[in-house]
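Dropping query-v9.pdb in here (PDB, C-alpha atoms, pLDDT in the B column):
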```
MODEL        1
ATOM      1  CA  GLN A   1     -25.871 -12.771 -76.246  1.00 40.00           C
ATOM      2  CA  VAL A   2     -27.130 -10.388 -73.604  1.00 42.00           C
ATOM      3  CA  SER A   3     -30.191  -8.248 -73.246  1.00 43.00           C
ATOM      4  CA  ARG A   4     -30.073  -4.842 -74.894  1.00 48.00           C
ATOM      5  CA  LYS A   5     -31.946  -3.358 -71.937  1.00 50.00           C
ATOM      6  CA  ASP A   6     -28.846  -2.959 -69.835  1.00 55.00           C
ATOM      7  CA  ASN A   7     -28.740  -0.254 -67.183  1.00 80.00           C
ATOM      8  CA  VAL A   8     -25.861   2.180 -66.711  1.00 84.00           C
ATOM      9  CA  LEU A   9     -24.884   2.008 -63.049  1.00 84.00           C
ATOM     10  CA  ARG A  10     -22.302   4.815 -63.045  1.00 84.00           C
ATOM     11  CA  ARG A  11     -19.854   6.645 -65.264  1.00 87.00           C
ATOM     12  CA  LEU A  12     -16.181   5.850 -64.790  1.00 85.00           C
ATOM     13  CA  GLY A  13     -14.825   8.365 -67.277  1.00 84.00           C
ATOM     14  CA  ARG A  14     -15.205   9.607 -70.825  1.00 86.00           C
ATOM     15  CA  GLY A  15     -16.561   6.721 -72.864  1.00 85.00           C
ATOM     16  CA  ASP A  16     -16.196   4.453 -69.824  1.00 88.00           C
ATOM     17  CA  ALA A  17     -19.217   3.261 -67.842  1.00 89.00           C
ATOM     18  CA  LEU A  18     -20.324   0.413 -65.610  1.00 90.00           C
ATOM     19  CA  HIS A  19     -23.374  -1.434 -66.963  1.00 90.00           C
ATOM     20  CA  LEU A  20     -25.704  -4.017 -65.486  1.00 88.00           C
ATOM     21  CA  TRP A  21     -26.450  -6.800 -67.938  1.00 85.00           C
ATOM     22  CA  HIS A  22     -29.421  -9.133 -67.537  1.00 82.00           C
ATOM     23  CA  LYS A  23     -29.469 -12.753 -68.596  1.00 79.00           C
ATOM     24  CA  PRO A  24     -31.514 -13.174 -71.798  1.00 76.00           C
ATOM     25  CA  ALA A  25     -34.669 -15.233 -71.860  1.00 74.00           C
ATOM     26  CA  GLN A  26     -33.478 -17.210 -74.876  1.00 70.00           C
ATOM     27  CA  THR A  27     -30.503 -19.380 -73.996  1.00 65.00           C
ATOM     28  CA  GLY A  28     -29.252 -19.712 -77.582  1.00 66.00           C
ATOM     29  CA  LEU A  29     -26.763 -22.412 -78.561  1.00 65.00           C
ATOM     30  CA  PHE A  30     -25.405 -23.118 -75.052  1.00 69.00           C
ATOM     31  CA  PRO A  31     -28.364 -23.596 -72.703  1.00 72.00           C
ATOM     32  CA  HIS A  32     -26.340 -25.590 -70.139  1.00 74.00           C
ATOM     33  CA  LEU A  33     -23.885 -22.704 -69.789  1.00 73.00           C
ATOM     34  CA  MET A  34     -26.589 -20.058 -69.527  1.00 75.00           C
ATOM     35  CA  LYS A  35     -28.318 -21.954 -66.728  1.00 76.00           C
ATOM     36  CA  ALA A  36     -25.230 -21.594 -64.560  1.00 77.00           C
ATOM     37  CA  ALA A  37     -24.876 -17.887 -65.407  1.00 78.00           C
ATOM     38  CA  PRO A  38     -26.131 -15.308 -62.871  1.00 81.00           C
ATOM     39  CA  GLU A  39     -29.288 -13.335 -63.518  1.00 82.00           C
ATOM     40  CA  THR A  40     -27.388 -10.033 -63.606  1.00 84.00           C
ATOM     41  CA  LEU A  41     -23.754  -9.214 -64.254  1.00 86.00           C
ATOM     42  CA  GLU A  42     -21.793  -5.996 -63.863  1.00 88.00           C
ATOM     43  CA  ILE A  43     -19.879  -5.253 -67.067  1.00 89.00           C
ATOM     44  CA  ARG A  44     -17.566  -2.373 -67.867  1.00 91.00           C
ATOM     45  CA  VAL A  45     -18.206  -0.970 -71.349  1.00 91.00           C
ATOM     46  CA  ILE A  46     -15.445   1.156 -72.905  1.00 90.00           C
ATOM     47  CA  LYS A  47     -15.911   3.183 -76.083  1.00 89.00           C
ATOM     48  CA  ILE A  48     -12.686   4.547 -77.528  1.00 85.00           C
ATOM     49  CA  LYS A  49     -11.315   5.602 -80.925  1.00 85.00           C
ATOM     50  CA  VAL A  50      -8.269   3.769 -82.252  1.00 80.00           C
ATOM     51  CA  ALA A  51      -6.080   5.445 -84.882  1.00 77.00           C
ATOM     52  CA  ARG A  52      -3.756   3.426 -87.143  1.00 72.00           C
ATOM     53  CA  LYS A  53      -1.353   4.739 -89.750  1.00 71.00           C
ATOM     54  CA  GLY A  54      -2.865   4.370 -93.207  1.00 67.00           C
ATOM     55  CA  TYR A  55      -6.365   3.605 -91.890  1.00 70.00           C
ATOM     56  CA  ARG A  56      -9.334   5.626 -90.756  1.00 75.00           C
ATOM     57  CA  ALA A  57      -9.934   6.095 -87.052  1.00 78.00           C
ATOM     58  CA  ARG A  58     -12.113   3.246 -85.811  1.00 81.00           C
ATOM     59  CA  ALA A  59     -14.601   3.397 -82.968  1.00 85.00           C
ATOM     60  CA  LEU A  60     -13.931   0.464 -80.646  1.00 84.00           C
ATOM     61  CA  THR A  61     -16.328  -0.868 -78.013  1.00 89.00           C
ATOM     62  CA  LEU A  62     -14.911  -3.193 -75.351  1.00 89.00           C
ATOM     63  CA  SER A  63     -16.889  -5.152 -72.777  1.00 89.00           C
ATOM     64  CA  THR A  64     -14.869  -6.490 -69.870  1.00 90.00           C
ATOM     65  CA  THR A  65     -15.183  -7.701 -66.298  1.00 90.00           C
ATOM     66  CA  LEU A  66     -12.097  -5.694 -65.259  1.00 90.00           C
ATOM     67  CA  LEU A  67     -14.118  -3.103 -63.388  1.00 89.00           C
ATOM     68  CA  ASP A  68     -11.429  -1.055 -61.627  1.00 88.00           C
ATOM     69  CA  PRO A  69     -10.508   1.966 -63.825  1.00 88.00           C
ATOM     70  CA  LYS A  70      -7.391   2.714 -61.766  1.00 89.00           C
ATOM     71  CA  LEU A  71      -5.875  -0.748 -62.044  1.00 91.00           C
ATOM     72  CA  TYR A  72      -7.019  -1.173 -65.643  1.00 90.00           C
ATOM     73  CA  PRO A  73      -7.167   2.186 -67.495  1.00 90.00           C
ATOM     74  CA  ALA A  74      -9.299   2.331 -70.623  1.00 88.00           C
ATOM     75  CA  ALA A  75      -6.357   3.281 -72.864  1.00 87.00           C
ATOM     76  CA  LEU A  76      -4.337   0.294 -71.593  1.00 89.00           C
ATOM     77  CA  LEU A  77      -7.187  -2.143 -72.266  1.00 88.00           C
ATOM     78  CA  ALA A  78      -7.626  -0.764 -75.782  1.00 86.00           C
ATOM     79  CA  GLU A  79      -3.892  -1.117 -76.414  1.00 84.00           C
ATOM     80  CA  GLU A  80      -3.923  -4.727 -75.231  1.00 85.00           C
ATOM     81  CA  TYR A  81      -6.959  -5.451 -77.387  1.00 85.00           C
ATOM     82  CA  CYS A  82      -5.153  -4.126 -80.466  1.00 81.00           C
ATOM     83  CA  ARG A  83      -2.380  -6.668 -79.828  1.00 82.00           C
ATOM     84  CA  ARG A  84      -4.692  -9.531 -80.741  1.00 83.00           C
ATOM     85  CA  TYR A  85      -3.080  -9.894 -84.165  1.00 80.00           C
ATOM     86  CA  GLY A  86       0.299 -10.643 -82.600  1.00 83.00           C
ATOM     87  CA  ILE A  87      -1.271 -13.160 -80.232  1.00 86.00           C
ATOM     88  CA  GLU A  88      -3.007 -14.906 -83.130  1.00 87.00           C
ATOM     89  CA  CYS A  89       0.328 -15.069 -84.976  1.00 84.00           C
ATOM     90  CA  ASP A  90       1.913 -16.656 -81.899  1.00 87.00           C
ATOM     91  CA  LEU A  91      -0.819 -19.287 -81.711  1.00 88.00           C
ATOM     92  CA  ARG A  92      -0.444 -19.991 -85.428  1.00 88.00           C
ATOM     93  CA  ALA A  93       3.312 -20.441 -85.002  1.00 87.00           C
ATOM     94  CA  LEU A  94       2.753 -22.858 -82.133  1.00 88.00           C
ATOM     95  CA  LYS A  95       0.332 -24.912 -84.224  1.00 87.00           C
ATOM     96  CA  THR A  96       2.061 -24.909 -87.590  1.00 86.00           C
ATOM     97  CA  GLU A  97       5.754 -24.671 -86.727  1.00 85.00           C
ATOM     98  CA  HIS A  98       5.772 -26.755 -83.529  1.00 85.00           C
ATOM     99  CA  GLY A  99       2.899 -29.176 -84.110  1.00 83.00           C
ATOM    100  CA  LEU A 100       0.625 -28.008 -81.306  1.00 83.00           C
ATOM    101  CA  ASP A 101      -2.454 -28.586 -83.485  1.00 82.00           C
ATOM    102  CA  ALA A 102      -2.171 -32.386 -83.135  1.00 81.00           C
ATOM    103  CA  LEU A 103      -0.764 -33.794 -79.901  1.00 81.00           C
ATOM    104  CA  THR A 104       0.381 -37.406 -80.002  1.00 81.00           C
ATOM    105  CA  ALA A 105       0.191 -38.236 -76.291  1.00 81.00           C
ATOM    106  CA  LYS A 106      -2.858 -39.813 -74.638  1.00 83.00           C
ATOM    107  CA  SER A 107      -2.344 -39.611 -70.889  1.00 88.00           C
ATOM    108  CA  PRO A 108      -2.695 -36.205 -69.181  1.00 89.00           C
ATOM    109  CA  ALA A 109       0.818 -36.326 -67.723  1.00 89.00           C
ATOM    110  CA  VAL A 110       2.462 -36.948 -71.088  1.00 90.00           C
ATOM    111  CA  VAL A 111       0.258 -34.285 -72.729  1.00 88.00           C
ATOM    112  CA  CYS A 112       1.548 -31.760 -70.174  1.00 90.00           C
ATOM    113  CA  ARG A 113       5.129 -32.739 -70.960  1.00 90.00           C
ATOM    114  CA  GLU A 114       4.500 -32.324 -74.673  1.00 89.00           C
ATOM    115  CA  LEU A 115       2.933 -28.906 -74.139  1.00 90.00           C
ATOM    116  CA  TYR A 116       5.787 -27.750 -71.914  1.00 91.00           C
ATOM    117  CA  SER A 117       8.392 -28.938 -74.423  1.00 91.00           C
ATOM    118  CA  ILE A 118       6.678 -27.060 -77.274  1.00 90.00           C
ATOM    119  CA  LEU A 119       6.403 -23.890 -75.188  1.00 91.00           C
ATOM    120  CA  LEU A 120      10.051 -24.225 -74.163  1.00 92.00           C
ATOM    121  CA  ALA A 121      11.154 -24.496 -77.803  1.00 91.00           C
ATOM    122  CA  TYR A 122       8.985 -21.526 -78.779  1.00 92.00           C
ATOM    123  CA  ASN A 123      10.334 -19.355 -75.965  1.00 92.00           C
ATOM    124  CA  ALA A 124      13.900 -20.317 -76.889  1.00 91.00           C
ATOM    125  CA  VAL A 125      13.381 -19.093 -80.451  1.00 92.00           C
ATOM    126  CA  ARG A 126      11.720 -15.910 -79.192  1.00 92.00           C
ATOM    127  CA  ALA A 127      14.603 -15.233 -76.799  1.00 93.00           C
ATOM    128  CA  VAL A 128      17.162 -15.381 -79.613  1.00 93.00           C
ATOM    129  CA  MET A 129      14.872 -13.257 -81.801  1.00 92.00           C
ATOM    130  CA  ALA A 130      14.722 -10.638 -79.039  1.00 92.00           C
ATOM    131  CA  GLN A 131      18.520 -10.424 -78.988  1.00 93.00           C
ATOM    132  CA  ALA A 132      18.628 -10.128 -82.789  1.00 92.00           C
ATOM    133  CA  ALA A 133      15.958  -7.411 -82.793  1.00 91.00           C
ATOM    134  CA  ALA A 134      17.831  -5.466 -80.101  1.00 92.00           C
ATOM    135  CA  ARG A 135      21.062  -5.663 -82.116  1.00 90.00           C
ATOM    136  CA  ALA A 136      19.279  -4.482 -85.281  1.00 89.00           C
ATOM    137  CA  GLY A 137      17.349  -1.749 -83.454  1.00 89.00           C
ATOM    138  CA  ILE A 138      13.891  -2.943 -84.570  1.00 88.00           C
ATOM    139  CA  ARG A 139      10.816  -4.383 -82.923  1.00 86.00           C
ATOM    140  CA  ILE A 140      10.702  -8.125 -82.451  1.00 88.00           C
ATOM    141  CA  ARG A 141       7.351  -8.285 -84.240  1.00 85.00           C
ATOM    142  CA  ARG A 142       9.075  -7.108 -87.413  1.00 86.00           C
ATOM    143  CA  LEU A 143      11.079 -10.337 -87.595  1.00 89.00           C
ATOM    144  CA  SER A 144       9.696 -13.406 -89.334  1.00 88.00           C
ATOM    145  CA  TYR A 145       9.302 -16.264 -86.859  1.00 88.00           C
ATOM    146  CA  GLU A 146       9.472 -18.982 -89.506  1.00 88.00           C
ATOM    147  CA  ARG A 147      12.677 -17.624 -91.020  1.00 89.00           C
ATOM    148  CA  SER A 148      14.241 -17.044 -87.595  1.00 91.00           C
ATOM    149  CA  ARG A 149      13.449 -20.608 -86.575  1.00 91.00           C
ATOM    150  CA  GLU A 150      15.098 -21.965 -89.729  1.00 91.00           C
ATOM    151  CA  LEU A 151      18.218 -19.858 -89.144  1.00 92.00           C
ATOM    152  CA  LEU A 152      18.404 -20.991 -85.527  1.00 91.00           C
ATOM    153  CA  TRP A 153      17.984 -24.640 -86.553  1.00 90.00           C
ATOM    154  CA  HIS A 154      20.828 -24.505 -89.085  1.00 92.00           C
ATOM    155  CA  GLY A 155      22.971 -22.367 -86.774  1.00 90.00           C
ATOM    156  CA  CYS A 156      22.667 -24.855 -83.918  1.00 90.00           C
ATOM    157  CA  ALA A 157      23.576 -27.716 -86.252  1.00 90.00           C
ATOM    158  CA  GLN A 158      26.710 -25.873 -87.391  1.00 91.00           C
ATOM    159  CA  MET A 159      27.723 -24.761 -83.886  1.00 91.00           C
ATOM    160  CA  SER A 160      27.377 -28.296 -82.526  1.00 89.00           C
ATOM    161  CA  ALA A 161      30.148 -29.450 -84.892  1.00 89.00           C
ATOM    162  CA  ALA A 162      32.359 -26.355 -84.514  1.00 89.00           C
ATOM    163  CA  PRO A 163      35.161 -25.887 -81.960  1.00 91.00           C
ATOM    164  CA  THR A 164      34.443 -23.963 -78.788  1.00 91.00           C
ATOM    165  CA  TRP A 165      36.535 -20.917 -79.669  1.00 92.00           C
ATOM    166  CA  ARG A 166      34.414 -20.257 -82.775  1.00 91.00           C
ATOM    167  CA  LEU A 167      31.021 -20.326 -81.023  1.00 91.00           C
ATOM    168  CA  PRO A 168      30.825 -16.604 -80.015  1.00 91.00           C
ATOM    169  CA  ALA A 169      31.593 -15.444 -83.562  1.00 92.00           C
ATOM    170  CA  MET A 170      29.103 -17.902 -85.043  1.00 92.00           C
ATOM    171  CA  PHE A 171      26.419 -16.755 -82.625  1.00 91.00           C
ATOM    172  CA  GLU A 172      27.047 -13.126 -83.567  1.00 92.00           C
ATOM    173  CA  GLN A 173      26.707 -14.061 -87.233  1.00 92.00           C
ATOM    174  CA  LEU A 174      23.458 -15.849 -86.438  1.00 91.00           C
ATOM    175  CA  LEU A 175      22.057 -12.718 -84.750  1.00 91.00           C
ATOM    176  CA  GLN A 176      23.017 -10.607 -87.756  1.00 91.00           C
ATOM    177  CA  GLN A 177      21.252 -12.997 -90.113  1.00 91.00           C
ATOM    178  CA  MET A 178      18.133 -12.995 -87.922  1.00 90.00           C
ATOM    179  CA  GLY A 179      18.149  -9.196 -87.879  1.00 89.00           C
ATOM    180  CA  THR A 180      17.749  -9.174 -91.668  1.00 89.00           C
ATOM    181  CA  ALA A 181      14.687 -11.468 -91.649  1.00 87.00           C
ATOM    182  CA  VAL A 182      12.324  -8.483 -91.561  1.00 87.00           C
ATOM    183  CA  GLN A 183       8.755  -8.777 -92.749  1.00 81.00           C
ATOM    184  CA  PRO A 184       6.993  -5.627 -94.025  1.00 72.00           C
ATOM    185  CA  ASP A 185       4.408  -3.793 -91.964  1.00 64.00           C
ATOM    186  CA  GLN A 186       0.776  -4.188 -92.966  1.00 60.00           C
ATOM    187  CA  ALA A 187       0.149  -0.457 -93.307  1.00 59.00           C
ATOM    188  CA  ARG A 188      -1.672   0.725 -96.412  1.00 58.00           C
ATOM    189  CA  PRO A 189      -0.247   3.667 -98.383  1.00 58.00           C
ATOM    190  CA  PRO A 190      -2.373   6.829 -98.616  1.00 57.00           C
ATOM    191  CA  GLU A 191      -5.103   6.662-101.256  1.00 58.00           C
ATOM    192  CA  PRO A 192      -6.822   9.522-103.095  1.00 57.00           C
ATOM    193  CA  ARG A 193     -10.270  10.574-101.900  1.00 60.00           C
ATOM    194  CA  ALA A 194     -11.860  10.522-105.353  1.00 63.00           C
ATOM    195  CA  ILE A 195     -14.565   8.648-107.224  1.00 59.00           C
ATOM    196  CA  VAL A 196     -13.217   5.982-109.541  1.00 59.00           C
ATOM    197  CA  ASP A 197     -16.376   5.529-111.639  1.00 60.00           C
ATOM    198  CA  ASN A 198     -19.221   8.010-111.811  1.00 59.00           C
ATOM    199  CA  LYS A 199     -22.402   5.961-112.161  1.00 62.00           C
ATOM    200  CA  ARG A 200     -24.536   9.038-112.893  1.00 63.00           C
ATOM    201  CA  ARG A 201     -24.494   8.989-116.698  1.00 68.00           C
ATOM    202  CA  TYR A 202     -27.497  11.273-117.235  1.00 70.00           C
ATOM    203  CA  PRO A 203     -27.849  15.048-116.777  1.00 76.00           C
ATOM    204  CA  LEU A 204     -29.795  16.459-113.866  1.00 77.00           C
ATOM    205  CA  LEU A 205     -33.522  17.052-114.395  1.00 81.00           C
ATOM    206  CA  ARG A 206     -33.874  20.751-113.547  1.00 83.00           C
ATOM    207  CA  ILE A 207     -37.570  21.034-114.507  1.00 86.00           C
ATOM    208  CA  SER A 208     -40.650  19.017-113.645  1.00 85.00           C
ATOM    209  CA  ARG A 209     -41.495  15.858-115.531  1.00 84.00           C
ATOM    210  CA  GLU A 210     -44.631  17.449-116.994  1.00 84.00           C
ATOM    211  CA  GLN A 211     -42.627  20.380-118.326  1.00 85.00           C
ATOM    212  CA  TRP A 212     -40.113  17.950-119.809  1.00 83.00           C
ATOM    213  CA  ARG A 213     -42.913  16.012-121.574  1.00 82.00           C
ATOM    214  CA  ARG A 214     -44.389  19.168-123.070  1.00 83.00           C
ATOM    215  CA  LYS A 215     -40.982  20.340-124.203  1.00 83.00           C
ATOM    216  CA  HIS A 216     -40.158  17.068-125.913  1.00 80.00           C
ATOM    217  CA  ARG A 217     -43.787  16.370-126.944  1.00 74.00           C
ATOM    218  CA  VAL A 218     -44.064  13.097-125.073  1.00 58.00           C
ATOM    219  CA  ALA A 219     -47.579  11.817-124.422  1.00 49.00           C
TER
ENDMDL
END
```

Output the file's structure as structure tokens, nothing else.
Amino acid sequence: QVSRKDNVLRRLGRGDALHLWHKPAQTGLFPHLMKAAPETLEIRVIKIKVARKGYRARALTLSTTLLDPKLYPAALLAEEYCRRYGIECDLRALKTEHGLDALTAKSPAVVCRELYSILLAYNAVRAVMAQAAARAGIRIRRLSYERSRELLWHGCAQMSAAPTWRLPAMFEQLLQQMGTAVQPDQARPPEPRAIVDNKRRYPLLRISREQWRRKHRVA
């Protein structure tokens, strides 16, 4: 957490400004980290609207230490931020499909080897998926990683026992099968702008309460 009394040093563009943040008096949950933090810190605050198909436009506020607006334009940072979902899916695939959530090694050297082997296997699957997506004319994110990994596993097992002259045709068949492993986009269809249930079950009171009492003879 930072102090809300931050000062705007200068404007870098529309919705883009350089702020000066002060270290809060209360250290919170990590006092040892806040002790090492500087008293003030220059932060670039970007406010931009992000539009997605099927969703309302969302106001997005980014705080970053990438202060140069020429090297790091605001639109580029917002685009990279919106790719977080794909990054989270990659981390989930590394943990669930390749066992990165529980490493078995104990020494640092062997842990590094295990990490490199998992990353090598993941990149190998992604490389074949990129070829399949290019052949099918779709984005690589549209392909299911789990299904592509299963197809590659069975395809490698079959190609290892096949003669050499059949390998190109089998690889082409593998790419065609991967190109069909498409997962649907998470875009909502358009919805009507209407009230489902009207909770106002009584008519409007168009006179004063005293006039209503006299009219209905209520004490």

Q: Find the residues near Ala74 in chain A: any atom within 9 Å, counting only C-alpha atoms, skip ones fewer than 4 places away on the same chain, and give them as a count of residues only.
A: 9

Listed atoms of range 61-80 of chain A boxed along x, y and z, 8 Å each side, centre and edge lengths in Å, one decimal, as lines of an AutoDock Vina configuration file:
```
center_x = -10.4
center_y = -2.2
center_z = -69.8
size_x = 29.0
size_y = 27.0
size_z = 32.4
```

Q | Distance of CA of Ala132 in chain A from CA of Met159 in chain A, expressed in Å to one decimal place | A | 17.3 Å

Q | Nearby residues (all atoms listed in the file) at most 8 Å from Ala17 in chain A, same-chain spacing under 4 positions excluded, as a list in words | A | Val8, Leu9, Arg10, Arg11, Leu12, Gly13, Arg44, Val45 and Ile46 of chain A

Just so the selection is clear, what residues does the PyMOL selection byres ((chain A and resi 165-175) around 8) cover here, as an mmCIF file with C-alpha atoms, in the frame of the given file?
```
data_model
loop_
_atom_site.group_PDB
_atom_site.id
_atom_site.type_symbol
_atom_site.label_atom_id
_atom_site.label_comp_id
_atom_site.auth_asym_id
_atom_site.auth_seq_id
_atom_site.Cartn_x
_atom_site.Cartn_y
_atom_site.Cartn_z
ATOM 1 C CA VAL A 128 17.162 -15.381 -79.613
ATOM 2 C CA MET A 129 14.872 -13.257 -81.801
ATOM 3 C CA GLN A 131 18.520 -10.424 -78.988
ATOM 4 C CA ALA A 132 18.628 -10.128 -82.789
ATOM 5 C CA ARG A 135 21.062 -5.663 -82.116
ATOM 6 C CA LEU A 151 18.218 -19.858 -89.144
ATOM 7 C CA LEU A 152 18.404 -20.991 -85.527
ATOM 8 C CA GLY A 155 22.971 -22.367 -86.774
ATOM 9 C CA MET A 159 27.723 -24.761 -83.886
ATOM 10 C CA ALA A 162 32.359 -26.355 -84.514
ATOM 11 C CA PRO A 163 35.161 -25.887 -81.960
ATOM 12 C CA THR A 164 34.443 -23.963 -78.788
ATOM 13 C CA GLN A 176 23.017 -10.607 -87.756
ATOM 14 C CA GLN A 177 21.252 -12.997 -90.113
ATOM 15 C CA MET A 178 18.133 -12.995 -87.922
ATOM 16 C CA GLY A 179 18.149 -9.196 -87.879
#
```

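Taking CA of Glu80 in chain A and CA of Arg58 in chain A as the two end points, the separation is 15.6 Å.
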
Please evaluate the PyMOL selection byres ((chain A and resi 22) around 6) against the structure above and give the resulting residues as a PDB file with C-alpha atoms, in the coordinates of the input.
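Once everything was written out, this is out-v1.pdb:
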```pdb
ATOM      1  CA  SER A   3     -30.191  -8.248 -73.246  1.00 43.00           C
ATOM      2  CA  TRP A  21     -26.450  -6.800 -67.938  1.00 85.00           C
ATOM      3  CA  LYS A  23     -29.469 -12.753 -68.596  1.00 79.00           C
ATOM      4  CA  GLU A  39     -29.288 -13.335 -63.518  1.00 82.00           C
ATOM      5  CA  THR A  40     -27.388 -10.033 -63.606  1.00 84.00           C
TER       6      THR A  40
END
```

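Here CA of Leu103 in chain A is placed at a distance of 19.3 Å from CA of Glu88 in chain A.
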
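Nearest residue to Cys89 in chain A, choosing from A:Ala133, A:Tyr55, A:Ser144, A:Ala75 and counting only C-alpha atoms: A:Ser144.
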
Q.
Under the rule that all atoms listed in the file are counted, which of A:Arg149, A:Ala130, A:Leu100, A:Asp90 is the nearest residue to Tyr116 in chain A?
A. A:Leu100

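The closest residue to Leu77 in chain A, picked from A:Thr96, A:Ser208, A:Thr61, A:Gln26 and counting all atoms listed in the file, is A:Thr61.
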